[in-house]
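Asks: Here you go, one structure.
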Amino acid sequence: MMKKTTIHDYSKEHIAYLNAIKRKNIFISCMRYLIIIVFILFWELSAMLGWSDPFISSSPSRFIVSIANLYKEGALFKHIGITLFETVVGFVVGTVLGTLIAILLWWSNTLSRILDPYLVVLNALPKIALGPILIVWFGAGVESIIVMGLLISLIVTIMSVLAGFNEITDEKQFLMKTLGATKYQILTMVVLPASVPTIMNALKLSVGMSWVGVIVGEYLVSKSGLGYLIVYGGQVFKLDLVMASIVILCILAALMYYVVAYFEKRMIKWRTHE
Amino acid sequence: MADTLVRMKDVSFVYHDISGENKAVADLNLDVKSGEFISIVGPSGCGKTTVLSMLSGIITPTSGTIEVNSKQIGYMLQRDHLLDWRTIEDNVFLSLQVKGLMSDETKRNSLELLRRYDLYSFKDSYPRQLSGGMRQKVALIRTLAFSPSLLLLDEPFSALDFHTRLKLADEIYDIIRKEKKTAILVTHDISEAISMSERVLVFSKRPAHVKSEYKMNFTKDTPPFMRRSDNGFKDCFDMIWSDIDDEENNNT
């Protein structure tokens, strides 16, 4: 029905219009790179020219050396690995558990109403306050950190996924009822697939949350991981180490976000389908 | 009930909510013959949809009896509610899947329906790519896929623009006639009711019962659009209009 028109069929005005859009997009990408390049250059230069004290504010060349040293000691991937492991486990368990609990609450309106105030309070509670309890219960190790990452993302996941479920119109469910659908069929054929976009959005949120949980957890207890490096670097005044860890953290967090975004794109193809 | 497909006898329905009870339907009597196309019109909020819900078995009447002599009942809503993530073909199969009727034969029949009504080339498209009228036609085929003999149409045209509405009314009338279905159409559009059906029932306001009944004298082959220019159309419209108007203004 819809024929693909080639560029030759367009009028001059339309081609000019398309070119203007293209130019704008190129400009935006250039500016993005420019900002980071100028920032790094300025940082480096200010350290070289003595405008700032690299002992306090570090500098790109110094934190790169710091990363290289970590690599030589063989510690770089150990720290990255541990933090990444904790985050992924916390994130995946939080997502699966959160979605399961949301399904349960969707299934039973009564249960949902009974538990509503508890969810509200748990959501408002700063989960970090539970840190000391977690250490006592799970020990000063990886377990506590994972639970912290899990806790921080869990409640948000439950609430946003449930909100997604409840967004599905009653009329769509009514249609299913006219076909004689069971509640389980309504769940698997309509509610879950319709909520994929909401769930993916919730995941993008909770990826960030998991990182917060894990880094805070590492501040509190750990002997390794990027959070540990940051705290340790701060305590011994090795700002190069702190900056190096933060840069690595930035890259990892961005990568993980893009992994989720990639899955999102693949799972809701029908949305972008022309 | 030889060729009576639907019989409602002294049917009442009461809704409960916190503010009290609400009698939606009272002492409703209604017969529909096999192969008939009837319309129900009435003042807004008069319980027309409640009647369809009872016929489909989603809710049970508070009192009275309903006999429906049809194994499968198809229900068509105001919106098509096609599932965005399913292709047209899979949307049509939805009803079969829910009812556990998926088989090579039912699948073939459904695809044949798509072919017969010019939607086959879109079977791998997504709902997003279709116009409102086409989507509603797909919704009808999803309803026809499990071969119901009774169709309940709950304002199936009211979400469409005027032009599409008139065109689709013709098409859907044609499909229903060719597939030899019995249909009950609920609508607030008097012209639509007159142009599509053999009988028009005017409902009273709440609690709903049949206030008056009009028989149409069109031949079955006249498409709804042509009926609108029939001589008797205007008179019929006026009579039904004044019936409904009476009900709206009657406060006792």
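Following the order of the structure tokens, chains are lettered A, B, ..., residues in each are numbered from 1, and ligands are numbered from 1.
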Residues of chain A within 12 Å of chain B, counting only C-alpha atoms, what are they? List them as a PyMOL selection string.
Replies: chain A and resi 1-2+168-197+267-274
Asks: For Pro43 in chain B, please output as JSON, numbers by chain all residues within 12 Å (counting only C-alpha atoms; exclusion window: fewer than 3 positions along the same chain).
Replies: {"B": [40, 46, 47, 48, 186, 187, 188, 189, 190, 201, 202, 203, 204, 205, 206, 207, 208, 209, 210, 211, 240, 241, 242, 243, 244, 245, 246, 247, 248, 249, 250]}
Asks: Residues as selected, N, CA and C atoms, written as a short mmCIF file (atom, residue, chain, number, x, y, z; two decimals), in the first residue's frame, can you do that?
Replies:
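The result, written out as part19.cif:
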```
data_model
loop_
_atom_site.label_atom_id
_atom_site.label_comp_id
_atom_site.auth_asym_id
_atom_site.auth_seq_id
_atom_site.Cartn_x
_atom_site.Cartn_y
_atom_site.Cartn_z
N ILE B 40 -30.97 -1.79 18.48
CA ILE B 40 -31.53 -1.25 19.71
C ILE B 40 -31.06 0.18 19.84
N CYS B 46 -29.08 4.05 28.87
CA CYS B 46 -30.33 3.36 29.20
C CYS B 46 -30.14 1.87 29.44
N GLY B 47 -28.92 1.39 29.41
CA GLY B 47 -28.73 -0.02 29.72
C GLY B 47 -28.67 -0.92 28.50
N LYS B 48 -28.40 -0.31 27.33
CA LYS B 48 -28.31 -1.12 26.12
C LYS B 48 -27.14 -2.09 26.20
N VAL B 186 -26.36 -2.38 18.82
CA VAL B 186 -26.70 -1.33 19.76
C VAL B 186 -26.07 -0.04 19.25
N THR B 187 -26.85 1.02 19.18
CA THR B 187 -26.29 2.27 18.65
C THR B 187 -27.06 3.45 19.21
N HIS B 188 -26.45 4.63 19.15
CA HIS B 188 -27.19 5.83 19.52
C HIS B 188 -27.54 6.63 18.25
N ASP B 189 -27.14 6.06 17.11
CA ASP B 189 -27.33 6.74 15.83
C ASP B 189 -28.58 6.18 15.16
N ILE B 190 -29.67 6.96 15.16
CA ILE B 190 -30.95 6.46 14.66
C ILE B 190 -30.85 6.09 13.18
N LEU B 201 -35.67 -1.59 17.80
CA LEU B 201 -36.33 -1.54 19.09
C LEU B 201 -35.89 -0.28 19.81
N VAL B 202 -36.89 0.48 20.29
CA VAL B 202 -36.56 1.68 21.06
C VAL B 202 -36.66 1.33 22.53
N PHE B 203 -35.57 1.54 23.25
CA PHE B 203 -35.57 1.27 24.69
C PHE B 203 -36.04 2.49 25.45
N SER B 204 -36.70 2.24 26.58
CA SER B 204 -37.06 3.33 27.48
C SER B 204 -35.81 3.73 28.22
N LYS B 205 -35.89 4.82 29.01
CA LYS B 205 -34.72 5.09 29.83
C LYS B 205 -34.71 4.16 31.03
N ARG B 206 -33.65 4.24 31.82
CA ARG B 206 -33.48 3.30 32.90
C ARG B 206 -34.69 3.24 33.81
N PRO B 207 -35.07 2.10 34.31
CA PRO B 207 -34.63 0.76 33.88
C PRO B 207 -35.18 0.40 32.51
N ALA B 208 -34.33 -0.16 31.68
CA ALA B 208 -34.67 -0.33 30.28
C ALA B 208 -35.68 -1.44 30.03
N HIS B 209 -36.67 -1.14 29.18
CA HIS B 209 -37.51 -2.18 28.58
C HIS B 209 -37.85 -1.70 27.18
N VAL B 210 -38.48 -2.56 26.38
CA VAL B 210 -38.77 -2.17 25.01
C VAL B 210 -39.96 -1.22 25.01
N LYS B 211 -39.75 0.00 24.53
CA LYS B 211 -40.82 0.99 24.53
C LYS B 211 -41.63 0.87 23.25
N ILE B 240 -38.97 7.57 15.48
CA ILE B 240 -38.05 7.04 16.49
C ILE B 240 -37.46 8.19 17.31
N TRP B 241 -37.15 9.27 16.61
CA TRP B 241 -36.62 10.46 17.29
C TRP B 241 -37.56 10.94 18.39
N SER B 242 -38.87 11.03 18.04
CA SER B 242 -39.79 11.58 19.03
C SER B 242 -39.98 10.60 20.19
N ASP B 243 -39.90 9.31 19.89
CA ASP B 243 -39.97 8.31 20.95
C ASP B 243 -38.85 8.51 21.96
N ILE B 244 -37.63 8.66 21.43
CA ILE B 244 -36.47 8.80 22.32
C ILE B 244 -36.53 10.13 23.06
N ASP B 245 -36.95 11.15 22.31
CA ASP B 245 -37.04 12.49 22.90
C ASP B 245 -38.02 12.49 24.07
N ASP B 246 -39.16 11.80 23.88
CA ASP B 246 -40.14 11.65 24.96
C ASP B 246 -39.48 11.07 26.21
N GLU B 247 -38.70 10.01 25.96
CA GLU B 247 -38.06 9.32 27.08
C GLU B 247 -37.07 10.22 27.80
N GLU B 248 -36.30 10.97 27.02
CA GLU B 248 -35.29 11.86 27.62
C GLU B 248 -35.94 12.92 28.49
N ASN B 249 -37.14 13.39 28.03
CA ASN B 249 -37.78 14.49 28.74
C ASN B 249 -38.73 14.03 29.83
N ASN B 250 -39.03 12.75 29.81
CA ASN B 250 -40.00 12.22 30.75
C ASN B 250 -39.32 11.95 32.09
#
```
Asks: If we count only C-alpha atoms, what is near Gly149 in chain A at a cut-off of 9 Å, once residues fewer than 5 positions away on the same chain are taken out, given as a list in words?
Replies: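 Neighbouring residues, sequence-local ones excluded: Glu86, Thr87, Val89, Gly90, Phe91, Gly94, Ser144, Leu154, Met209, Ser210, Trp211, Val212, Gly213, Val214, Ile215, Val216 and Gly217 of chain A.
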Asks: Report the distance between CA of Arg199 in chain B and CA of Met216 in chain B in Å, rounded to one decimal place.
Replies: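 About the pair CA of Arg199 in chain B and CA of Met216 in chain B: they are 5.8 Å apart.
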Asks: If you run DSSP over the backbone, which residues in range 48-250 of chain B end up alpha helix (DSSP H)? Put them as a ChimeraX atom specification.
Replies: /B:48-56,88-99,104-116,132-144,162-178,190-196,224-227,231-249
Asks: To one decimal in Å, tell me the separation between CA of Val92 in chain B and CA of Ser147 in chain B.
Replies: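 Between CA of Val92 in chain B and CA of Ser147 in chain B the gap is 12.3 Å.
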Asks: Would you please give, as a VMD selection string, all residues of range 4-245 of chain B that DSSP assigns to strand (DSSP E) based on the backbone?
Replies: chain B and resid 4 to 17 20 to 33 37 to 41 63 to 68 73 to 76 150 to 154 182 to 186 199 to 203 210 to 215
Asks: Restricting the calculation to only C-alpha atoms: of A:Gly225, A:Pro60, A:Gly139, A:Pro54, which residue gets closest to Phe39 in chain A?
Replies: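 So, comparing all the options, the nearest one is A:Pro60.
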